[in-house]
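Chemist: Submitted below is the structure of interest, expressed as structure tokens.
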Amino acid sequence: MDVISPIDGNKISVVPMSNQAALDEAVNAAKAAFPAWSALTLKERVQVFYKFRTLLEKNIDEITELVHVENGKTFSEAKAEVLKGIELTEFACSMPQLINDEVMEVSQGVECRTSHVPLGVVASITPFNFPHMVPLWTLPNALALGNTMILKPSEMVPLSANRIAELLKEAGLPDGVLNIVHGDKEIVEAICDHPEIEAVSFVGSTRVAKIVYQRATGNLKRCVALGGAKNHLIVMPDAHVEMAATNIAASMSGCAGQRCMAASAMVGVGKVDHIVERLCEVAKAIKVGNELGAVISKAAKERIEKYINEAEAAGAKVLVDGRNVTVAGKEGGFYVGPTVIDHVTPDMAIAKEEVFGPVIAIMRTDNVDEAIKIENASNYGNASSVFTQSGGVARYVTDKVSAGMVGVNIGVPVPREPFSFGGWNESKFGVADITGKSSIHFWTKLKKATSKWNPEAFTNWMS
Ligand code: NAD
């Protein structure tokens, strides 16, 4: 399959579409590598990731350029993504300090201890929007904990994943510990069905997350599947105008709105015209093609513009219009400018569905409970933020919104390591979060060992 750069529409590479035989080969390699890799101590395994971290730093500009070209986000956004990859790798390096297995004398002379045991061959399926970071949400933690892995990156952005594999090899990762297969639906289904794969992590749209979660768990595998999002920002009239406007504009337009944490709906409570006006000024000043990158494909651009057209036709007011934008010298690229749409009503598609573009739909209410009700009605539940200068209101809203990651005066409330990443409702299926400490439980099974060595040990009904 051709790999197209969204920046100018040019073909940059070709990705092989792996078939069942290629997956079997990858799984066999992962299975063969598992005994030796899992027999190393955790401290030994993380040495690879210390070296990998150094290689990421050494090659940061080249990796950044690759992310920029294959995904279409700006160079500085791509660099931020690689820096986040470094932070994720550092977290994996800290595993020996984090995993304090428990030991306790549970009755006299009898000791119980726990140990985190790797699952075996696991799989990670990733989306197009963070070609470097999302593979590093799962890969370093799963491997550091002793698993071997099949990684299936998005077919739209396969090159960054391939580069990660090359650098891990250079860092000393033994052959077979990480295996990449490429492709789309067919190979994902084969992963979910493969009898030798113990666990599947997935990040992508809710539609596919549901399919993967049902199929993988139907085959009795452990699964965590992160889905799409519709993130609501609740804006109070007392919000700091500049802080609110700049944060909201950055959240809705960063990475061309193709972040599962992007602000997509704003609910203004009471008199917030002054904030909307400033938001429009900030949004208009964003330079498309320079400060705002491309969306992933022609189809994505058409889908986003269709949402705007339909909202306008249904009575919403387009205050800042990003439709029909082209960038000089990159006429073949897929660009949508920042778009602010006011007077959207909760029943419109643009208010309910994931648009995944640099677009914010503004709804208006008279009171904060009504705003919370609108947020709560969403099927999704990834992120939600409130903009206010009142601590009481901030606490009230963050307590009542139905989202896994909440923020106060923050457009993109991503919890950074060691906190874990994961939404609620249809933004995540499965129990564990995908990063941070929560991921340790996902990638391991707990063994509980009870031992008694002294024959004179006190004996009671428990020992
Ligand atoms: P997608 O669901 O189209 O694809 C994700 C993965 O699934 C890809 O590897 C793809 O090859 C595969 N796939 C696609 N269709 C399939 C099918 N029918 N059956 C099986 N596998 C299939 O998602 P995308 O367009 O690559 O990424 C954007 C989506 O990901 C957005 O919805 C975004 O919100 C979401 N996302 C969520 C998070 C989160 O943390 N919740 C993070 C990043 C992206």
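Ligands are numbered from 1 in the order shown, residues from 1 within each chain, and chains are lettered A, B, ... in the order they appear in the structure tokens.
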So which residues are near ligand 1, meaning at most 8 Å away with only C-alpha atoms and all ligand atoms counted, given back as a VMD selection string?

Modeler: chain A and resid 125 to 130 134 152 to 156 183 to 189 202 to 209 211 to 212 226 to 229 258 to 261 354 356 382 421 to 423 427 to 428

Chemist: How about saving the chosen residues, C-alpha atoms kept, as a short mmCIF file (atom, residue, chain, number, x, y, z; two decimals), in the first residue's frame?

Modeler:
```cif
data_model
loop_
_atom_site.label_atom_id
_atom_site.label_comp_id
_atom_site.auth_asym_id
_atom_site.auth_seq_id
_atom_site.Cartn_x
_atom_site.Cartn_y
_atom_site.Cartn_z
CA ILE A 125 -2.38 -2.01 17.58
CA THR A 126 -1.96 1.73 17.10
CA PRO A 127 -3.64 4.65 15.25
CA PHE A 128 -2.30 7.24 12.78
CA ASN A 129 -2.38 10.36 14.94
CA PHE A 130 0.72 9.76 17.09
CA VAL A 134 1.33 5.75 20.87
CA LYS A 152 0.72 -3.36 14.27
CA PRO A 153 1.02 0.36 13.52
CA SER A 154 -1.49 2.30 11.46
CA GLU A 155 -1.03 1.58 7.78
CA MET A 156 -1.13 5.37 7.22
CA GLY A 183 -1.80 -3.94 7.35
CA ASP A 184 -5.34 -3.00 8.34
CA LYS A 185 -8.59 -4.81 9.20
CA GLU A 186 -7.52 -8.27 8.07
CA ILE A 187 -4.30 -8.41 10.08
CA VAL A 188 -5.95 -6.86 13.15
CA GLU A 189 -8.61 -9.58 13.09
CA PHE A 202 -5.63 -1.16 20.95
CA VAL A 203 -5.78 2.59 20.39
CA GLY A 204 -8.01 4.02 17.67
CA SER A 205 -11.61 4.92 16.93
CA THR A 206 -14.49 3.72 19.11
CA ARG A 207 -15.99 1.79 16.20
CA VAL A 208 -12.88 -0.35 15.83
CA ALA A 209 -12.13 -0.42 19.58
CA ILE A 211 -14.71 -4.73 17.38
CA VAL A 212 -11.23 -5.43 18.74
CA LEU A 226 -8.97 2.93 23.76
CA GLY A 227 -11.50 4.59 21.51
CA GLY A 228 -12.38 8.02 20.19
CA ALA A 229 -13.40 11.14 22.04
CA GLN A 258 -6.32 15.07 15.50
CA ARG A 259 -5.75 14.35 19.18
CA CYS A 260 -8.02 12.21 21.27
CA MET A 261 -7.53 14.92 23.93
CA GLU A 354 -15.95 13.01 16.86
CA PHE A 356 -11.14 14.94 14.50
CA ASN A 382 -11.92 10.86 27.46
CA PHE A 421 -3.73 7.59 30.55
CA GLY A 422 -7.25 6.34 29.92
CA GLY A 423 -10.77 7.63 29.45
CA SER A 427 -13.44 6.13 25.06
CA LYS A 428 -12.03 3.01 26.69
#
```

Chemist: Skip Lys31 of chain A itself and residues of its chain fewer than 3 positions away, then list as a PDB file with C-alpha atoms, in the first residue's frame all residues within 8 Å of it, counting only C-alpha atoms.

Modeler:
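Listed below is the output, result18.pdb:
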```pdb
ATOM      1  CA  VAL A  27       4.363 -14.829  16.601  1.00  0.00           C
ATOM      2  CA  ASN A  28       6.742 -17.785  16.304  1.00  0.00           C
ATOM      3  CA  PHE A  34      10.205 -15.155  25.197  1.00  0.00           C
ATOM      4  CA  PRO A  35      12.009 -17.683  27.446  1.00  0.00           C
ATOM      5  CA  GLY A 120       4.070 -14.076  26.980  1.00  0.00           C
ATOM      6  CA  VAL A 121       3.437 -12.840  23.434  1.00  0.00           C
ATOM      7  CA  THR A 148       7.549 -10.151  23.685  1.00  0.00           C
ATOM      8  CA  GLY A 176      12.212 -11.692  18.147  1.00  0.00           C
TER       9      GLY A 176
END
```

Chemist: Return the single residue from A:Lys330, A:Lys73, A:Lys445, A:Lys452 that is closest to Gly357 of chain A, with distances computed using only C-alpha atoms.

Modeler: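 Among the listed residues, A:Lys73 lies closest to Gly357 of chain A.
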
Chemist: Run DSSP on the backbone of this structure and report the residues of segment 217-463 of chain A it assigns to alpha helix (DSSP H), as an mmCIF file with N, CA, C and O atoms, in the first residue's frame.

Modeler:
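Writing done, so here's states-v8.cif:
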```cif
data_model
loop_
_atom_site.group_PDB
_atom_site.id
_atom_site.type_symbol
_atom_site.label_atom_id
_atom_site.label_comp_id
_atom_site.auth_asym_id
_atom_site.auth_seq_id
_atom_site.Cartn_x
_atom_site.Cartn_y
_atom_site.Cartn_z
ATOM 1 N N THR A 217 -11.479 -10.383 23.513
ATOM 2 C CA THR A 217 -11.977 -10.990 24.761
ATOM 3 C C THR A 217 -12.840 -12.215 24.448
ATOM 4 O O THR A 217 -12.868 -13.165 25.229
ATOM 5 N N GLY A 218 -13.493 -12.200 23.286
ATOM 6 C CA GLY A 218 -14.255 -13.383 22.851
ATOM 7 C C GLY A 218 -13.339 -14.578 22.672
ATOM 8 O O GLY A 218 -13.759 -15.728 22.839
ATOM 9 N N VAL A 241 -9.539 35.598 30.560
ATOM 10 C CA VAL A 241 -9.835 35.643 29.124
ATOM 11 C C VAL A 241 -8.659 35.126 28.287
ATOM 12 O O VAL A 241 -8.830 34.264 27.420
ATOM 13 N N GLU A 242 -7.472 35.653 28.554
ATOM 14 C CA GLU A 242 -6.322 35.292 27.715
ATOM 15 C C GLU A 242 -5.958 33.816 27.891
ATOM 16 O O GLU A 242 -5.691 33.099 26.925
ATOM 17 N N MET A 243 -5.980 33.388 29.164
ATOM 18 C CA MET A 243 -5.621 31.987 29.431
ATOM 19 C C MET A 243 -6.636 31.051 28.755
ATOM 20 O O MET A 243 -6.262 30.065 28.120
ATOM 21 N N ALA A 244 -7.913 31.385 28.881
ATOM 22 C CA ALA A 244 -8.946 30.528 28.286
ATOM 23 C C ALA A 244 -8.814 30.524 26.768
ATOM 24 O O ALA A 244 -8.743 29.461 26.141
ATOM 25 N N ALA A 245 -8.730 31.711 26.168
ATOM 26 C CA ALA A 245 -8.729 31.786 24.694
ATOM 27 C C ALA A 245 -7.516 31.070 24.104
ATOM 28 O O ALA A 245 -7.646 30.318 23.123
ATOM 29 N N THR A 246 -6.342 31.300 24.677
ATOM 30 C CA THR A 246 -5.144 30.677 24.088
ATOM 31 C C THR A 246 -5.139 29.165 24.312
ATOM 32 O O THR A 246 -4.769 28.403 23.427
ATOM 33 N N ASN A 247 -5.572 28.731 25.488
ATOM 34 C CA ASN A 247 -5.606 27.284 25.760
ATOM 35 C C ASN A 247 -6.635 26.575 24.891
ATOM 36 O O ASN A 247 -6.377 25.471 24.397
ATOM 37 N N ILE A 248 -7.798 27.195 24.712
ATOM 38 C CA ILE A 248 -8.848 26.552 23.907
ATOM 39 C C ILE A 248 -8.406 26.483 22.440
ATOM 40 O O ILE A 248 -8.538 25.444 21.784
ATOM 41 N N ALA A 249 -7.827 27.599 21.951
ATOM 42 C CA ALA A 249 -7.373 27.606 20.546
ATOM 43 C C ALA A 249 -6.285 26.560 20.331
ATOM 44 O O ALA A 249 -6.300 25.831 19.326
ATOM 45 N N ALA A 250 -5.360 26.456 21.269
ATOM 46 C CA ALA A 250 -4.266 25.475 21.124
ATOM 47 C C ALA A 250 -4.809 24.058 21.182
ATOM 48 O O ALA A 250 -4.359 23.170 20.451
ATOM 49 N N SER A 251 -5.814 23.844 22.034
ATOM 50 C CA SER A 251 -6.361 22.497 22.190
ATOM 51 C C SER A 251 -7.142 22.061 20.946
ATOM 52 O O SER A 251 -7.016 20.927 20.490
ATOM 53 N N MET A 252 -7.940 22.985 20.387
ATOM 54 C CA MET A 252 -8.763 22.569 19.232
ATOM 55 C C MET A 252 -7.948 22.484 17.932
ATOM 56 O O MET A 252 -8.311 21.738 17.027
ATOM 57 N N SER A 253 -6.833 23.230 17.860
ATOM 58 C CA SER A 253 -6.104 23.265 16.579
ATOM 59 C C SER A 253 -4.786 22.492 16.600
ATOM 60 O O SER A 253 -4.243 22.178 15.543
ATOM 61 N N ASP A 273 -19.298 36.072 25.758
ATOM 62 C CA ASP A 273 -18.993 36.615 24.418
ATOM 63 C C ASP A 273 -17.570 37.162 24.328
ATOM 64 O O ASP A 273 -16.916 37.037 23.287
ATOM 65 N N HIS A 274 -17.109 37.794 25.432
ATOM 66 C CA HIS A 274 -15.764 38.376 25.396
ATOM 67 C C HIS A 274 -14.702 37.281 25.206
ATOM 68 O O HIS A 274 -13.690 37.501 24.548
ATOM 69 N N ILE A 275 -14.961 36.089 25.752
ATOM 70 C CA ILE A 275 -13.996 34.986 25.609
ATOM 71 C C ILE A 275 -14.066 34.413 24.190
ATOM 72 O O ILE A 275 -13.047 34.131 23.557
ATOM 73 N N VAL A 276 -15.292 34.282 23.673
ATOM 74 C CA VAL A 276 -15.457 33.765 22.299
ATOM 75 C C VAL A 276 -14.788 34.721 21.303
ATOM 76 O O VAL A 276 -14.094 34.282 20.373
ATOM 77 N N GLU A 277 -14.959 36.038 21.528
ATOM 78 C CA GLU A 277 -14.331 37.020 20.619
ATOM 79 C C GLU A 277 -12.818 36.873 20.607
ATOM 80 O O GLU A 277 -12.188 36.853 19.552
ATOM 81 N N ARG A 278 -12.249 36.745 21.791
ATOM 82 C CA ARG A 278 -10.777 36.616 21.877
ATOM 83 C C ARG A 278 -10.330 35.272 21.276
ATOM 84 O O ARG A 278 -9.309 35.208 20.591
ATOM 85 N N LEU A 279 -11.127 34.221 21.510
ATOM 86 C CA LEU A 279 -10.810 32.910 20.923
ATOM 87 C C LEU A 279 -10.750 33.020 19.388
ATOM 88 O O LEU A 279 -9.845 32.496 18.742
ATOM 89 N N CYS A 280 -11.704 33.748 18.819
ATOM 90 C CA CYS A 280 -11.730 33.907 17.358
ATOM 91 C C CYS A 280 -10.497 34.660 16.877
ATOM 92 O O CYS A 280 -9.907 34.297 15.845
ATOM 93 N N GLU A 281 -10.090 35.694 17.623
ATOM 94 C CA GLU A 281 -8.890 36.451 17.213
ATOM 95 C C GLU A 281 -7.660 35.544 17.220
ATOM 96 O O GLU A 281 -6.852 35.548 16.288
ATOM 97 N N VAL A 282 -7.539 34.764 18.291
ATOM 98 C CA VAL A 282 -6.372 33.865 18.408
ATOM 99 C C VAL A 282 -6.418 32.825 17.278
ATOM 100 O O VAL A 282 -5.412 32.553 16.627
ATOM 101 N N ALA A 283 -7.607 32.255 17.042
ATOM 102 C CA ALA A 283 -7.739 31.209 16.014
ATOM 103 C C ALA A 283 -7.408 31.759 14.626
ATOM 104 O O ALA A 283 -6.700 31.124 13.845
ATOM 105 N N LYS A 284 -7.902 32.984 14.331
ATOM 106 C CA LYS A 284 -7.657 33.585 13.003
ATOM 107 C C LYS A 284 -6.179 33.818 12.746
ATOM 108 O O LYS A 284 -5.718 33.796 11.604
ATOM 109 N N LYS A 298 -7.168 13.044 2.294
ATOM 110 C CA LYS A 298 -8.200 13.791 1.552
ATOM 111 C C LYS A 298 -9.570 13.458 2.160
ATOM 112 O O LYS A 298 -10.413 14.331 2.357
ATOM 113 N N ALA A 299 -9.756 12.176 2.481
ATOM 114 C CA ALA A 299 -11.047 11.747 3.045
ATOM 115 C C ALA A 299 -11.301 12.440 4.383
ATOM 116 O O ALA A 299 -12.436 12.838 4.684
ATOM 117 N N ALA A 300 -10.243 12.605 5.187
ATOM 118 C CA ALA A 300 -10.404 13.271 6.489
ATOM 119 C C ALA A 300 -10.797 14.728 6.281
ATOM 120 O O ALA A 300 -11.692 15.253 6.955
ATOM 121 N N LYS A 301 -10.136 15.394 5.320
ATOM 122 C CA LYS A 301 -10.462 16.811 5.033
ATOM 123 C C LYS A 301 -11.930 16.937 4.603
ATOM 124 O O LYS A 301 -12.660 17.801 5.091
ATOM 125 N N GLU A 302 -12.369 16.029 3.746
ATOM 126 C CA GLU A 302 -13.753 16.089 3.259
ATOM 127 C C GLU A 302 -14.742 15.827 4.401
ATOM 128 O O GLU A 302 -15.779 16.480 4.502
ATOM 129 N N ARG A 303 -14.395 14.878 5.281
ATOM 130 C CA ARG A 303 -15.293 14.557 6.404
ATOM 131 C C ARG A 303 -15.446 15.769 7.328
ATOM 132 O O ARG A 303 -16.553 16.137 7.723
ATOM 133 N N ILE A 304 -14.325 16.420 7.625
ATOM 134 C CA ILE A 304 -14.348 17.572 8.539
ATOM 135 C C ILE A 304 -15.177 18.706 7.929
ATOM 136 O O ILE A 304 -16.028 19.310 8.595
ATOM 137 N N GLU A 305 -14.950 18.973 6.636
ATOM 138 C CA GLU A 305 -15.671 20.072 5.990
ATOM 139 C C GLU A 305 -17.170 19.771 5.887
ATOM 140 O O GLU A 305 -18.002 20.678 5.974
ATOM 141 N N LYS A 306 -17.496 18.490 5.776
ATOM 142 C CA LYS A 306 -18.908 18.094 5.711
ATOM 143 C C LYS A 306 -19.599 18.416 7.052
ATOM 144 O O LYS A 306 -20.722 18.912 7.080
ATOM 145 N N TYR A 307 -18.896 18.118 8.160
ATOM 146 C CA TYR A 307 -19.466 18.450 9.478
ATOM 147 C C TYR A 307 -19.753 19.955 9.582
ATOM 148 O O TYR A 307 -20.793 20.366 10.101
ATOM 149 N N ILE A 308 -18.810 20.770 9.095
ATOM 150 C CA ILE A 308 -18.977 22.234 9.176
ATOM 151 C C ILE A 308 -20.167 22.662 8.305
ATOM 152 O O ILE A 308 -21.030 23.434 8.742
ATOM 153 N N ASN A 309 -20.218 22.131 7.083
ATOM 154 C CA ASN A 309 -21.326 22.474 6.164
ATOM 155 C C ASN A 309 -22.681 22.131 6.790
ATOM 156 O O ASN A 309 -23.624 22.924 6.747
ATOM 157 N N GLU A 310 -22.751 20.935 7.372
ATOM 158 C CA GLU A 310 -24.046 20.486 7.929
ATOM 159 C C GLU A 310 -24.453 21.325 9.137
ATOM 160 O O GLU A 310 -25.632 21.645 9.308
ATOM 161 N N ALA A 311 -23.472 21.694 9.956
ATOM 162 C CA ALA A 311 -23.791 22.513 11.132
ATOM 163 C C ALA A 311 -24.305 23.882 10.682
ATOM 164 O O ALA A 311 -25.292 24.409 11.214
ATOM 165 N N GLU A 312 -23.634 24.428 9.674
ATOM 166 C CA GLU A 312 -24.044 25.751 9.155
ATOM 167 C C GLU A 312 -25.466 25.676 8.584
ATOM 168 O O GLU A 312 -26.306 26.530 8.866
ATOM 169 N N ALA A 313 -25.711 24.602 7.836
ATOM 170 C CA ALA A 313 -27.041 24.428 7.232
ATOM 171 C C ALA A 313 -28.117 24.261 8.308
ATOM 172 O O ALA A 313 -29.271 24.648 8.119
ATOM 173 N N ALA A 349 -25.022 16.900 14.720
ATOM 174 C CA ALA A 349 -23.965 15.874 14.625
ATOM 175 C C ALA A 349 -22.628 16.433 15.109
ATOM 176 O O ALA A 349 -21.864 15.757 15.794
ATOM 177 N N ILE A 350 -22.344 17.684 14.793
ATOM 178 C CA ILE A 350 -21.051 18.277 15.152
ATOM 179 C C ILE A 350 -20.892 18.410 16.676
ATOM 180 O O ILE A 350 -19.780 18.495 17.199
ATOM 181 N N ALA A 351 -22.028 18.403 17.386
ATOM 182 C CA ALA A 351 -21.980 18.484 18.851
ATOM 183 C C ALA A 351 -21.791 17.119 19.486
ATOM 184 O O ALA A 351 -21.322 17.002 20.616
ATOM 185 N N LYS A 352 -22.162 16.064 18.744
ATOM 186 C CA LYS A 352 -22.178 14.724 19.352
ATOM 187 C C LYS A 352 -21.038 13.836 18.870
ATOM 188 O O LYS A 352 -20.558 12.975 19.601
ATOM 189 N N VAL A 368 -24.428 26.183 35.055
ATOM 190 C CA VAL A 368 -23.366 25.186 34.997
ATOM 191 C C VAL A 368 -23.921 23.752 34.992
ATOM 192 O O VAL A 368 -23.348 22.867 34.355
ATOM 193 N N ASP A 369 -25.044 23.542 35.663
ATOM 194 C CA ASP A 369 -25.607 22.182 35.682
ATOM 195 C C ASP A 369 -26.070 21.749 34.294
ATOM 196 O O ASP A 369 -25.937 20.583 33.924
ATOM 197 N N GLU A 370 -26.589 22.705 33.541
ATOM 198 C CA GLU A 370 -27.001 22.392 32.166
ATOM 199 C C GLU A 370 -25.762 22.019 31.328
ATOM 200 O O GLU A 370 -25.796 21.096 30.510
ATOM 201 N N ALA A 371 -24.668 22.741 31.556
ATOM 202 C CA ALA A 371 -23.414 22.445 30.824
ATOM 203 C C ALA A 371 -22.926 21.039 31.170
ATOM 204 O O ALA A 371 -22.518 20.271 30.283
ATOM 205 N N ILE A 372 -22.998 20.711 32.439
ATOM 206 C CA ILE A 372 -22.558 19.368 32.872
ATOM 207 C C ILE A 372 -23.462 18.299 32.252
ATOM 208 O O ILE A 372 -22.999 17.237 31.831
ATOM 209 N N LYS A 373 -24.756 18.610 32.180
ATOM 210 C CA LYS A 373 -25.713 17.667 31.584
ATOM 211 C C LYS A 373 -25.358 17.382 30.121
ATOM 212 O O LYS A 373 -25.410 16.235 29.663
ATOM 213 N N ILE A 374 -24.962 18.435 29.400
ATOM 214 C CA ILE A 374 -24.567 18.247 27.985
ATOM 215 C C ILE A 374 -23.335 17.348 27.919
ATOM 216 O O ILE A 374 -23.266 16.421 27.112
ATOM 217 N N GLU A 375 -22.369 17.601 28.787
ATOM 218 C CA GLU A 375 -21.144 16.775 28.779
ATOM 219 C C GLU A 375 -21.479 15.334 29.130
ATOM 220 O O GLU A 375 -21.016 14.388 28.482
ATOM 221 N N ASN A 376 -22.306 15.163 30.137
ATOM 222 C CA ASN A 376 -22.667 13.817 30.607
ATOM 223 C C ASN A 376 -23.428 13.015 29.547
ATOM 224 O O ASN A 376 -23.392 11.785 29.556
ATOM 225 N N GLY A 391 -12.305 28.279 42.578
ATOM 226 C CA GLY A 391 -11.913 26.926 42.995
ATOM 227 C C GLY A 391 -13.123 26.042 43.233
ATOM 228 O O GLY A 391 -13.130 24.862 42.874
ATOM 229 N N GLY A 392 -14.163 26.629 43.818
ATOM 230 C CA GLY A 392 -15.377 25.859 44.122
ATOM 231 C C GLY A 392 -16.045 25.346 42.857
ATOM 232 O O GLY A 392 -16.423 24.175 42.767
ATOM 233 N N VAL A 393 -16.170 26.229 41.861
ATOM 234 C CA VAL A 393 -16.806 25.822 40.600
ATOM 235 C C VAL A 393 -15.942 24.766 39.908
ATOM 236 O O VAL A 393 -16.449 23.768 39.372
ATOM 237 N N ALA A 394 -14.626 24.979 39.941
ATOM 238 C CA ALA A 394 -13.711 24.022 39.294
ATOM 239 C C ALA A 394 -13.890 22.644 39.899
ATOM 240 O O ALA A 394 -14.002 21.633 39.189
ATOM 241 N N ARG A 395 -13.953 22.588 41.229
ATOM 242 C CA ARG A 395 -14.091 21.300 41.907
ATOM 243 C C ARG A 395 -15.451 20.656 41.588
ATOM 244 O O ARG A 395 -15.553 19.461 41.333
ATOM 245 N N TYR A 396 -16.486 21.492 41.590
ATOM 246 C CA TYR A 396 -17.841 21.011 41.313
ATOM 247 C C TYR A 396 -17.909 20.373 39.921
ATOM 248 O O TYR A 396 -18.414 19.267 39.741
ATOM 249 N N VAL A 397 -17.339 21.074 38.940
ATOM 250 C CA VAL A 397 -17.422 20.573 37.557
ATOM 251 C C VAL A 397 -16.558 19.332 37.388
ATOM 252 O O VAL A 397 -17.008 18.327 36.815
ATOM 253 N N THR A 398 -15.323 19.370 37.872
ATOM 254 C CA THR A 398 -14.444 18.203 37.656
ATOM 255 C C THR A 398 -15.006 16.967 38.363
ATOM 256 O O THR A 398 -14.814 15.847 37.898
ATOM 257 N N ASP A 399 -15.707 17.169 39.482
ATOM 258 C CA ASP A 399 -16.353 16.029 40.157
ATOM 259 C C ASP A 399 -17.494 15.455 39.336
ATOM 260 O O ASP A 399 -17.748 14.258 39.354
ATOM 261 N N LYS A 400 -18.212 16.316 38.615
ATOM 262 C CA LYS A 400 -19.475 15.878 38.003
ATOM 263 C C LYS A 400 -19.362 15.476 36.529
ATOM 264 O O LYS A 400 -20.248 14.783 36.010
ATOM 265 N N GLY A 436 1.479 4.349 32.451
ATOM 266 C CA GLY A 436 1.661 4.586 33.876
ATOM 267 C C GLY A 436 1.575 3.310 34.699
ATOM 268 O O GLY A 436 1.657 2.198 34.168
ATOM 269 N N LYS A 437 1.382 3.521 35.997
ATOM 270 C CA LYS A 437 1.380 2.368 36.900
ATOM 271 C C LYS A 437 0.282 1.365 36.554
ATOM 272 O O LYS A 437 0.448 0.165 36.726
ATOM 273 N N SER A 438 -0.859 1.884 36.075
ATOM 274 C CA SER A 438 -1.981 1.006 35.757
ATOM 275 C C SER A 438 -1.590 -0.044 34.716
ATOM 276 O O SER A 438 -2.082 -1.178 34.742
ATOM 277 N N SER A 439 -0.701 0.341 33.801
ATOM 278 C CA SER A 439 -0.322 -0.586 32.720
ATOM 279 C C SER A 439 0.455 -1.785 33.256
ATOM 280 O O SER A 439 0.479 -2.839 32.612
ATOM 281 N N ILE A 440 1.080 -1.646 34.409
ATOM 282 C CA ILE A 440 1.842 -2.768 34.992
ATOM 283 C C ILE A 440 0.901 -3.953 35.227
ATOM 284 O O ILE A 440 1.235 -5.103 34.956
ATOM 285 N N HIS A 441 -0.305 -3.654 35.700
ATOM 286 C CA HIS A 441 -1.272 -4.729 35.950
ATOM 287 C C HIS A 441 -1.730 -5.367 34.651
ATOM 288 O O HIS A 441 -2.014 -6.547 34.597
ATOM 289 N N PHE A 442 -1.818 -4.540 33.609
ATOM 290 C CA PHE A 442 -2.287 -5.087 32.337
ATOM 291 C C PHE A 442 -1.264 -6.036 31.723
ATOM 292 O O PHE A 442 -1.621 -7.081 31.186
ATOM 293 N N TRP A 443 0.020 -5.675 31.797
ATOM 294 C CA TRP A 443 1.050 -6.443 31.086
ATOM 295 C C TRP A 443 1.621 -7.598 31.898
ATOM 296 O O TRP A 443 2.542 -8.281 31.433
#
```

Chemist: Extract, using only C-alpha atoms, all DNA, RNA and protein residues at most 7 Å from Gly268 of chain A, discarding same-chain residues fewer than 5 positions from it, and format them as a short mmCIF file (atom, residue, chain, number, x, y, z; two decimals) with N, CA and C atoms, in the first residue's frame.

Modeler:
```
data_model
loop_
_atom_site.label_atom_id
_atom_site.label_comp_id
_atom_site.auth_asym_id
_atom_site.auth_seq_id
_atom_site.Cartn_x
_atom_site.Cartn_y
_atom_site.Cartn_z
N ILE A 234 -15.93 23.37 29.56
CA ILE A 234 -17.01 24.19 30.14
C ILE A 234 -16.39 25.53 30.54
N VAL A 235 -16.89 26.60 29.92
CA VAL A 235 -16.26 27.91 30.11
C VAL A 235 -17.19 28.83 30.88
N MET A 236 -16.70 29.28 32.05
CA MET A 236 -17.49 30.15 32.91
C MET A 236 -17.18 31.62 32.58
N MET A 363 -21.53 25.61 22.23
CA MET A 363 -22.93 25.58 22.67
C MET A 363 -23.08 26.59 23.81
N ARG A 364 -24.28 27.07 24.03
CA ARG A 364 -24.51 28.09 25.08
C ARG A 364 -25.53 27.57 26.08
N THR A 365 -25.27 27.85 27.37
CA THR A 365 -26.26 27.53 28.41
C THR A 365 -26.31 28.67 29.42
#
```

Chemist: Find, counting only C-alpha atoms, the residue in A:Gly293, A:Leu66, A:Asn367, A:Leu143 that gets nearest to Lys271 of chain A.

Modeler: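 Looking only at the distances to Lys271 of chain A, the closest residue turns out to be A:Asn367.
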